[in-house]
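Q: Here you go, query-v4.cif (mmCIF, N, CA, C and O atoms):
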data_final
loop_
_atom_site.label_atom_id
_atom_site.label_comp_id
_atom_site.auth_asym_id
_atom_site.auth_seq_id
_atom_site.Cartn_x
_atom_site.Cartn_y
_atom_site.Cartn_z
N MET A 151 -2.85 18.61 2.09
CA MET A 151 -2.61 18.44 0.69
C MET A 151 -3.50 17.34 0.11
O MET A 151 -3.90 17.42 -1.04
N VAL A 152 -3.78 16.31 0.90
CA VAL A 152 -4.64 15.23 0.42
C VAL A 152 -6.02 15.76 0.10
O VAL A 152 -6.62 15.43 -0.92
N GLN A 153 -6.53 16.62 0.96
CA GLN A 153 -7.86 17.16 0.75
C GLN A 153 -7.89 18.11 -0.45
O GLN A 153 -8.86 18.14 -1.20
N VAL A 154 -6.82 18.84 -0.67
CA VAL A 154 -6.77 19.78 -1.79
C VAL A 154 -6.66 19.03 -3.12
O VAL A 154 -7.38 19.31 -4.07
N ARG A 155 -5.75 18.05 -3.19
CA ARG A 155 -5.51 17.34 -4.44
C ARG A 155 -6.44 16.17 -4.66
O ARG A 155 -6.62 15.71 -5.77
N GLY A 156 -6.99 15.61 -3.59
CA GLY A 156 -7.94 14.51 -3.73
C GLY A 156 -7.30 13.16 -3.91
O GLY A 156 -7.97 12.20 -4.27
N LYS A 157 -6.00 13.03 -3.67
CA LYS A 157 -5.34 11.72 -3.76
C LYS A 157 -4.12 11.71 -2.85
O LYS A 157 -3.58 12.75 -2.48
N GLU A 158 -3.70 10.50 -2.50
CA GLU A 158 -2.57 10.32 -1.58
C GLU A 158 -1.40 9.77 -2.39
O GLU A 158 -1.46 8.65 -2.91
N ASP A 159 -0.35 10.55 -2.53
CA ASP A 159 0.83 10.11 -3.24
C ASP A 159 2.05 10.85 -2.70
O ASP A 159 1.92 11.74 -1.86
N PRO A 160 3.26 10.50 -3.15
CA PRO A 160 4.46 11.16 -2.63
C PRO A 160 4.52 12.66 -2.91
O PRO A 160 5.19 13.39 -2.18
N TRP A 161 3.85 13.13 -3.93
CA TRP A 161 3.89 14.56 -4.23
C TRP A 161 3.28 15.39 -3.11
O TRP A 161 3.67 16.54 -2.90
N ASN A 162 2.33 14.83 -2.38
CA ASN A 162 1.75 15.56 -1.25
C ASN A 162 2.81 15.86 -0.20
O ASN A 162 2.88 16.96 0.34
N SER A 163 3.63 14.87 0.12
CA SER A 163 4.68 15.07 1.12
C SER A 163 5.73 16.05 0.63
O SER A 163 6.23 16.88 1.40
N ILE A 164 6.06 15.98 -0.65
CA ILE A 164 7.07 16.89 -1.20
C ILE A 164 6.57 18.33 -1.15
O ILE A 164 7.28 19.25 -0.72
N MET A 165 5.31 18.53 -1.56
CA MET A 165 4.75 19.88 -1.51
C MET A 165 4.60 20.38 -0.08
O MET A 165 4.81 21.56 0.21
N SER A 166 4.25 19.47 0.83
CA SER A 166 4.14 19.87 2.24
C SER A 166 5.49 20.26 2.81
O SER A 166 5.59 21.21 3.60
N GLY A 167 6.54 19.54 2.44
CA GLY A 167 7.88 19.91 2.89
C GLY A 167 8.30 21.26 2.36
O GLY A 167 8.90 22.07 3.08
N ALA A 168 8.00 21.53 1.09
CA ALA A 168 8.33 22.83 0.51
C ALA A 168 7.54 23.94 1.18
O ALA A 168 8.08 25.01 1.50
N LEU A 169 6.26 23.71 1.40
CA LEU A 169 5.42 24.71 2.05
C LEU A 169 5.87 24.97 3.49
O LEU A 169 5.91 26.12 3.94
N THR A 170 6.26 23.93 4.19
CA THR A 170 6.76 24.09 5.56
C THR A 170 8.05 24.90 5.57
O THR A 170 8.23 25.78 6.42
N GLY A 171 8.95 24.60 4.65
CA GLY A 171 10.19 25.37 4.57
C GLY A 171 9.92 26.84 4.31
O GLY A 171 10.57 27.72 4.90
N ALA A 172 8.97 27.12 3.44
CA ALA A 172 8.64 28.52 3.14
C ALA A 172 8.00 29.21 4.33
O ALA A 172 8.31 30.36 4.65
N ILE A 173 7.11 28.52 5.03
CA ILE A 173 6.42 29.12 6.18
C ILE A 173 7.40 29.39 7.31
O ILE A 173 7.34 30.43 7.98
N LEU A 174 8.33 28.47 7.54
CA LEU A 174 9.30 28.67 8.61
C LEU A 174 10.26 29.82 8.33
O LEU A 174 10.83 30.40 9.26
N ALA A 175 10.45 30.15 7.06
CA ALA A 175 11.33 31.26 6.70
C ALA A 175 10.55 32.52 6.34
O ALA A 175 11.10 33.44 5.74
N ALA A 176 9.29 32.58 6.71
CA ALA A 176 8.43 33.70 6.31
C ALA A 176 8.88 35.02 6.94
O ALA A 176 8.58 36.08 6.39
N ARG A 177 9.59 35.00 8.04
CA ARG A 177 10.01 36.25 8.68
C ARG A 177 11.18 36.89 7.95
O ARG A 177 11.48 38.06 8.15
N ASN A 178 11.85 36.11 7.11
CA ASN A 178 12.95 36.65 6.31
C ASN A 178 12.42 37.16 4.98
O ASN A 178 11.23 37.16 4.72
N ARG A 179 13.28 37.57 4.14
CA ARG A 179 12.86 38.12 2.86
C ARG A 179 12.39 36.97 1.93
O ARG A 179 12.66 35.81 2.18
N PRO A 180 11.69 37.29 0.85
CA PRO A 180 11.14 36.27 -0.04
C PRO A 180 12.19 35.36 -0.68
O PRO A 180 11.90 34.20 -0.98
N VAL A 181 13.40 35.86 -0.86
CA VAL A 181 14.45 35.01 -1.43
C VAL A 181 14.78 33.87 -0.47
O VAL A 181 14.96 32.72 -0.88
N ALA A 182 14.82 34.18 0.83
CA ALA A 182 15.08 33.14 1.83
C ALA A 182 13.92 32.15 1.89
O ALA A 182 14.12 30.95 2.08
N MET A 183 12.69 32.65 1.73
CA MET A 183 11.53 31.76 1.70
C MET A 183 11.62 30.79 0.53
O MET A 183 11.35 29.59 0.68
N ALA A 184 12.01 31.30 -0.64
CA ALA A 184 12.12 30.43 -1.82
C ALA A 184 13.23 29.39 -1.63
O ALA A 184 13.06 28.22 -1.99
N GLY A 185 14.35 29.82 -1.04
CA GLY A 185 15.44 28.86 -0.79
C GLY A 185 15.04 27.79 0.20
O GLY A 185 15.33 26.61 0.01
N SER A 186 14.35 28.20 1.27
CA SER A 186 13.91 27.21 2.27
C SER A 186 12.85 26.28 1.69
O SER A 186 12.82 25.09 2.00
N ALA A 187 11.97 26.83 0.85
CA ALA A 187 10.96 25.99 0.21
C ALA A 187 11.62 24.97 -0.71
O ALA A 187 11.24 23.79 -0.72
N ALA A 188 12.64 25.40 -1.46
CA ALA A 188 13.34 24.48 -2.35
C ALA A 188 14.06 23.39 -1.56
O ALA A 188 13.99 22.20 -1.91
N MET A 189 14.72 23.78 -0.48
CA MET A 189 15.43 22.78 0.34
C MET A 189 14.45 21.81 1.00
O MET A 189 14.71 20.61 1.08
N GLY A 190 13.32 22.33 1.49
CA GLY A 190 12.32 21.44 2.09
C GLY A 190 11.75 20.47 1.08
O GLY A 190 11.58 19.28 1.37
N GLY A 191 11.47 20.97 -0.13
CA GLY A 191 10.96 20.08 -1.18
C GLY A 191 11.98 19.05 -1.61
O GLY A 191 11.65 17.88 -1.81
N ILE A 192 13.24 19.46 -1.75
CA ILE A 192 14.30 18.52 -2.15
C ILE A 192 14.51 17.47 -1.07
O ILE A 192 14.66 16.28 -1.37
N LEU A 193 14.51 17.89 0.19
CA LEU A 193 14.70 16.94 1.28
C LEU A 193 13.59 15.90 1.29
O LEU A 193 13.86 14.69 1.37
N TRP A 194 12.34 16.33 1.17
CA TRP A 194 11.23 15.37 1.18
C TRP A 194 11.20 14.54 -0.09
O TRP A 194 10.75 13.38 -0.07
N ALA A 195 11.68 15.08 -1.22
CA ALA A 195 11.76 14.27 -2.44
C ALA A 195 12.76 13.14 -2.26
O ALA A 195 12.52 12.01 -2.70
N LEU A 196 13.89 13.43 -1.60
CA LEU A 196 14.88 12.37 -1.34
C LEU A 196 14.31 11.31 -0.40
O LEU A 196 14.50 10.11 -0.61
N ILE A 197 13.61 11.76 0.64
CA ILE A 197 13.03 10.81 1.59
C ILE A 197 11.95 9.95 0.91
O ILE A 197 11.92 8.73 1.07
N GLU A 198 11.06 10.58 0.15
CA GLU A 198 10.01 9.83 -0.54
C GLU A 198 10.60 8.91 -1.60
O GLU A 198 10.14 7.79 -1.78
N GLY A 199 11.62 9.35 -2.31
CA GLY A 199 12.27 8.50 -3.31
C GLY A 199 12.92 7.28 -2.68
O GLY A 199 12.83 6.18 -3.22
N ALA A 200 13.55 7.48 -1.53
CA ALA A 200 14.14 6.33 -0.83
C ALA A 200 13.05 5.37 -0.37
O ALA A 200 13.21 4.14 -0.46
N GLY A 201 11.93 5.89 0.10
CA GLY A 201 10.84 5.04 0.55
C GLY A 201 10.22 4.24 -0.59
O GLY A 201 9.95 3.05 -0.45
N VAL A 202 10.03 4.89 -1.74
CA VAL A 202 9.46 4.19 -2.89
C VAL A 202 10.41 3.11 -3.40
O VAL A 202 10.01 1.99 -3.69
N SER A 203 11.70 3.43 -3.49
CA SER A 203 12.66 2.43 -3.98
C SER A 203 12.82 1.28 -3.00
O SER A 203 12.94 0.13 -3.42
N LEU A 204 12.77 1.56 -1.72
CA LEU A 204 12.84 0.49 -0.73
C LEU A 204 11.62 -0.41 -0.81
O LEU A 204 11.73 -1.63 -0.71
N THR A 205 10.46 0.17 -1.02
CA THR A 205 9.24 -0.62 -1.15
C THR A 205 9.30 -1.50 -2.39
O THR A 205 8.92 -2.67 -2.34
N ARG A 206 9.77 -0.96 -3.49
CA ARG A 206 9.88 -1.76 -4.71
C ARG A 206 10.90 -2.89 -4.54
O ARG A 206 10.69 -4.00 -5.02
N PHE A 207 12.00 -2.60 -3.88
CA PHE A 207 13.01 -3.63 -3.65
C PHE A 207 12.46 -4.73 -2.76
O PHE A 207 12.67 -5.92 -3.02
N ALA A 208 11.75 -4.36 -1.71
CA ALA A 208 11.22 -5.35 -0.78
C ALA A 208 10.11 -6.17 -1.44
O ALA A 208 9.99 -7.38 -1.18
N SER A 209 9.30 -5.56 -2.28
CA SER A 209 8.21 -6.30 -2.91
C SER A 209 8.74 -7.26 -3.97
O SER A 209 8.08 -8.25 -4.28
N ALA A 210 9.90 -7.00 -4.53
CA ALA A 210 10.47 -7.90 -5.53
C ALA A 210 10.94 -9.19 -4.89
O ALA A 210 11.06 -10.22 -5.56
N GLN A 211 11.19 -9.19 -3.59
CA GLN A 211 11.64 -10.40 -2.91
C GLN A 211 10.49 -11.36 -2.64
O GLN A 211 10.71 -12.53 -2.39
N PHE A 212 9.27 -10.87 -2.67
CA PHE A 212 8.11 -11.69 -2.37
C PHE A 212 7.12 -11.63 -3.54
O PHE A 212 6.15 -10.90 -3.48
N PRO A 213 7.38 -12.41 -4.59
CA PRO A 213 6.48 -12.36 -5.75
C PRO A 213 5.10 -12.93 -5.39
O PRO A 213 4.97 -13.72 -4.46
N ASN A 214 4.11 -12.54 -6.16
CA ASN A 214 2.76 -13.03 -5.94
C ASN A 214 2.61 -14.40 -6.59
O ASN A 214 2.68 -14.54 -7.80
N TYR A 215 2.42 -15.40 -5.78
CA TYR A 215 2.18 -16.73 -6.26
C TYR A 215 0.69 -16.94 -6.41
O TYR A 215 -0.11 -16.23 -5.80
N PRO A 216 0.27 -17.93 -7.20
CA PRO A 216 -1.17 -18.17 -7.30
C PRO A 216 -1.73 -18.55 -5.93
O PRO A 216 -1.06 -19.21 -5.14
N PRO A 217 -2.94 -18.15 -5.65
CA PRO A 217 -3.51 -18.46 -4.34
C PRO A 217 -3.74 -19.96 -4.19
O PRO A 217 -3.86 -20.70 -5.16
N PHE A 218 -3.80 -20.39 -2.95
CA PHE A 218 -4.08 -21.78 -2.66
C PHE A 218 -5.49 -22.12 -3.11
O PHE A 218 -6.39 -21.28 -3.08
N ALA A 219 -5.68 -23.36 -3.50
CA ALA A 219 -7.03 -23.80 -3.85
C ALA A 219 -7.89 -23.78 -2.59
O ALA A 219 -7.41 -23.98 -1.48
N GLU A 220 -9.15 -23.55 -2.79
CA GLU A 220 -10.05 -23.51 -1.64
C GLU A 220 -10.18 -24.90 -1.05
O GLU A 220 -10.14 -25.90 -1.75
N ASP A 221 -10.35 -24.93 0.25
CA ASP A 221 -10.52 -26.19 0.95
C ASP A 221 -11.97 -26.65 0.79
O ASP A 221 -12.89 -25.99 1.27
N PRO A 222 -12.21 -27.78 0.12
CA PRO A 222 -13.60 -28.20 -0.10
C PRO A 222 -14.32 -28.56 1.19
O PRO A 222 -15.54 -28.59 1.22
N LEU A 223 -13.58 -28.82 2.26
CA LEU A 223 -14.25 -29.14 3.52
C LEU A 223 -14.91 -27.91 4.14
O LEU A 223 -15.76 -28.04 5.01
N GLN A 224 -14.51 -26.70 3.69
CA GLN A 224 -15.08 -25.48 4.22
C GLN A 224 -16.28 -24.98 3.40
O GLN A 224 -16.89 -24.00 3.75
N TRP A 225 -16.59 -25.66 2.29
CA TRP A 225 -17.72 -25.26 1.46
C TRP A 225 -19.03 -25.57 2.17
O TRP A 225 -19.12 -26.52 2.94
N PRO A 226 -20.08 -24.83 1.88
CA PRO A 226 -21.40 -25.23 2.37
C PRO A 226 -21.79 -26.56 1.75
O PRO A 226 -21.33 -26.92 0.67
N SER A 227 -22.63 -27.31 2.39
CA SER A 227 -22.95 -28.67 1.94
C SER A 227 -23.62 -28.67 0.57
O SER A 227 -23.55 -29.67 -0.14
N ALA A 228 -24.26 -27.58 0.15
CA ALA A 228 -24.90 -27.54 -1.16
C ALA A 228 -23.87 -27.52 -2.28
O ALA A 228 -24.16 -27.96 -3.39
N GLN A 229 -22.65 -27.07 -2.01
CA GLN A 229 -21.63 -26.99 -3.04
C GLN A 229 -20.71 -28.20 -3.07
O GLN A 229 -19.90 -28.32 -3.96
N LEU A 230 -20.83 -29.09 -2.11
CA LEU A 230 -19.96 -30.26 -2.08
C LEU A 230 -20.32 -31.23 -3.20
O LEU A 230 -21.50 -31.40 -3.53
N PRO A 231 -19.33 -31.87 -3.80
CA PRO A 231 -19.64 -32.87 -4.82
C PRO A 231 -20.30 -34.08 -4.17
O PRO A 231 -20.11 -34.35 -2.97
N PRO A 232 -21.07 -34.85 -4.91
CA PRO A 232 -21.73 -36.02 -4.32
C PRO A 232 -20.69 -37.05 -3.88
O PRO A 232 -19.65 -37.22 -4.50
N SER A 233 -20.99 -37.72 -2.80
CA SER A 233 -20.07 -38.72 -2.26
C SER A 233 -20.14 -39.99 -3.08
O SER A 233 -21.22 -40.44 -3.46
N PRO A 234 -18.98 -40.60 -3.37
CA PRO A 234 -19.01 -41.85 -4.12
C PRO A 234 -19.50 -43.03 -3.27
O PRO A 234 -19.75 -44.11 -3.78
N PHE A 235 -19.65 -42.84 -1.95
CA PHE A 235 -20.06 -43.91 -1.06
C PHE A 235 -21.54 -43.85 -0.71
O PHE A 235 -22.00 -44.52 0.18
N GLY A 236 -22.28 -43.00 -1.38
CA GLY A 236 -23.70 -42.91 -1.10
C GLY A 236 -23.99 -41.80 -0.12
O GLY A 236 -23.10 -41.07 0.33
N ASP A 237 -25.26 -41.68 0.25
CA ASP A 237 -25.69 -40.61 1.13
C ASP A 237 -25.93 -41.17 2.53
O ASP A 237 -27.07 -41.37 2.95
N TYR A 238 -24.86 -41.44 3.25
CA TYR A 238 -25.01 -41.96 4.61
C TYR A 238 -25.32 -40.87 5.59
O TYR A 238 -25.98 -41.09 6.58
N GLY A 239 -24.82 -39.68 5.38
CA GLY A 239 -25.12 -38.54 6.24
C GLY A 239 -24.39 -38.57 7.57
O GLY A 239 -24.62 -37.73 8.43
N GLN A 240 -23.53 -39.51 7.80
CA GLN A 240 -22.86 -39.58 9.09
C GLN A 240 -21.73 -38.59 9.23
O GLN A 240 -21.32 -38.27 10.34
N TYR A 241 -21.20 -38.08 8.15
CA TYR A 241 -20.11 -37.13 8.22
C TYR A 241 -20.52 -35.75 7.75
O TYR A 241 -19.70 -34.90 7.50
N GLN A 242 -21.80 -35.51 7.61
CA GLN A 242 -22.22 -34.21 7.12
C GLN A 242 -22.82 -33.39 8.20
O GLN A 242 -23.39 -33.76 9.11
#
Would you mind writing the file out in C-alpha cells?

A:
Amino acid sequence: MVQVRGKEDPWNSIMSGALTGAILAARNRPVAMAGSAAMGGILWALIEGAGVSLTRFASAQFPNYPPFAEDPLQWPSAQLPPSPFGDYGQYQ
C-alpha cells in the first residue's frame, strides 16, 4: 500500500486489513468477502486509532523544551571570543 499511495500513514494499515479480510474469504461468496473486508478494516482502524491516541498521550508528557545552549568549549578556535587575558596560547 505504501508503494501504491506513496505515503506511510494509518490508512495503509486499515486498507491492508480490509484487503486481507477479503482475500481470506475469497472462496466464499462476495457477500462474505465484503463482510470480512469490513471486519478487517474495522479491526485495523481500532488498532491504529489506539496507537495514534497512545502516541499523542505519551508525547504530551514530554513537551519540547528549548534546546541547551551550545558549549563554547566545543567550538572551533576561529569562533571563540577573544580572551580577556591576552593571547597566551597555553590553553588553546

Q: Figure out the distance between atom CA of A:Gln211 and atom CA of A:Trp194, please, to one decimal in Å.

A: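 Going from atom CA of A:Trp194 over to atom CA of A:Gln211 covers 26.1 Å.
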
Q: Quick one: distance from atom CA of A:Glu198 to atom CA of A:Arg177 in Å, one decimal?

A: 28.0 Å

Q: Which residue is closest to A:Gly191? Choose from A:Ser203, A:Ser163, A:Ser209, A:Asn214 and count only N, CA, C and O atoms.

A: A:Ser163

Q: Looking at only C-alpha atoms, which of A:Ala184, A:Pro160, A:Glu220, A:Ile173 is the one that sits closest to A:Ala200?

A: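 That would be A:Pro160, the residue with the smallest distance to A:Ala200.
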
Q: Using only C-alpha atoms, pick whichever of A:Pro216, A:Thr205, A:Ala168, A:Ala175 has the shortest atom-to-atom distance to A:Ala188.

A: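 Among the listed residues, A:Ala168 lies closest to A:Ala188.
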
Q: What gap, in Å, lies between atom C of A:Val152 and atom O of A:Ala182?

A: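 Taking atom C of A:Val152 as the start and atom O of A:Ala182 as the end point, the length is 25.3 Å.
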
Q: When the PyMOL selection byres (((chain A and resi 164-166 and name CA) around 12) and name CA) is applied to the file above, which residues end up in the set, as a ChimeraX atom specification?

A: /A:151-152,154-155,158-163,167-173,187-199
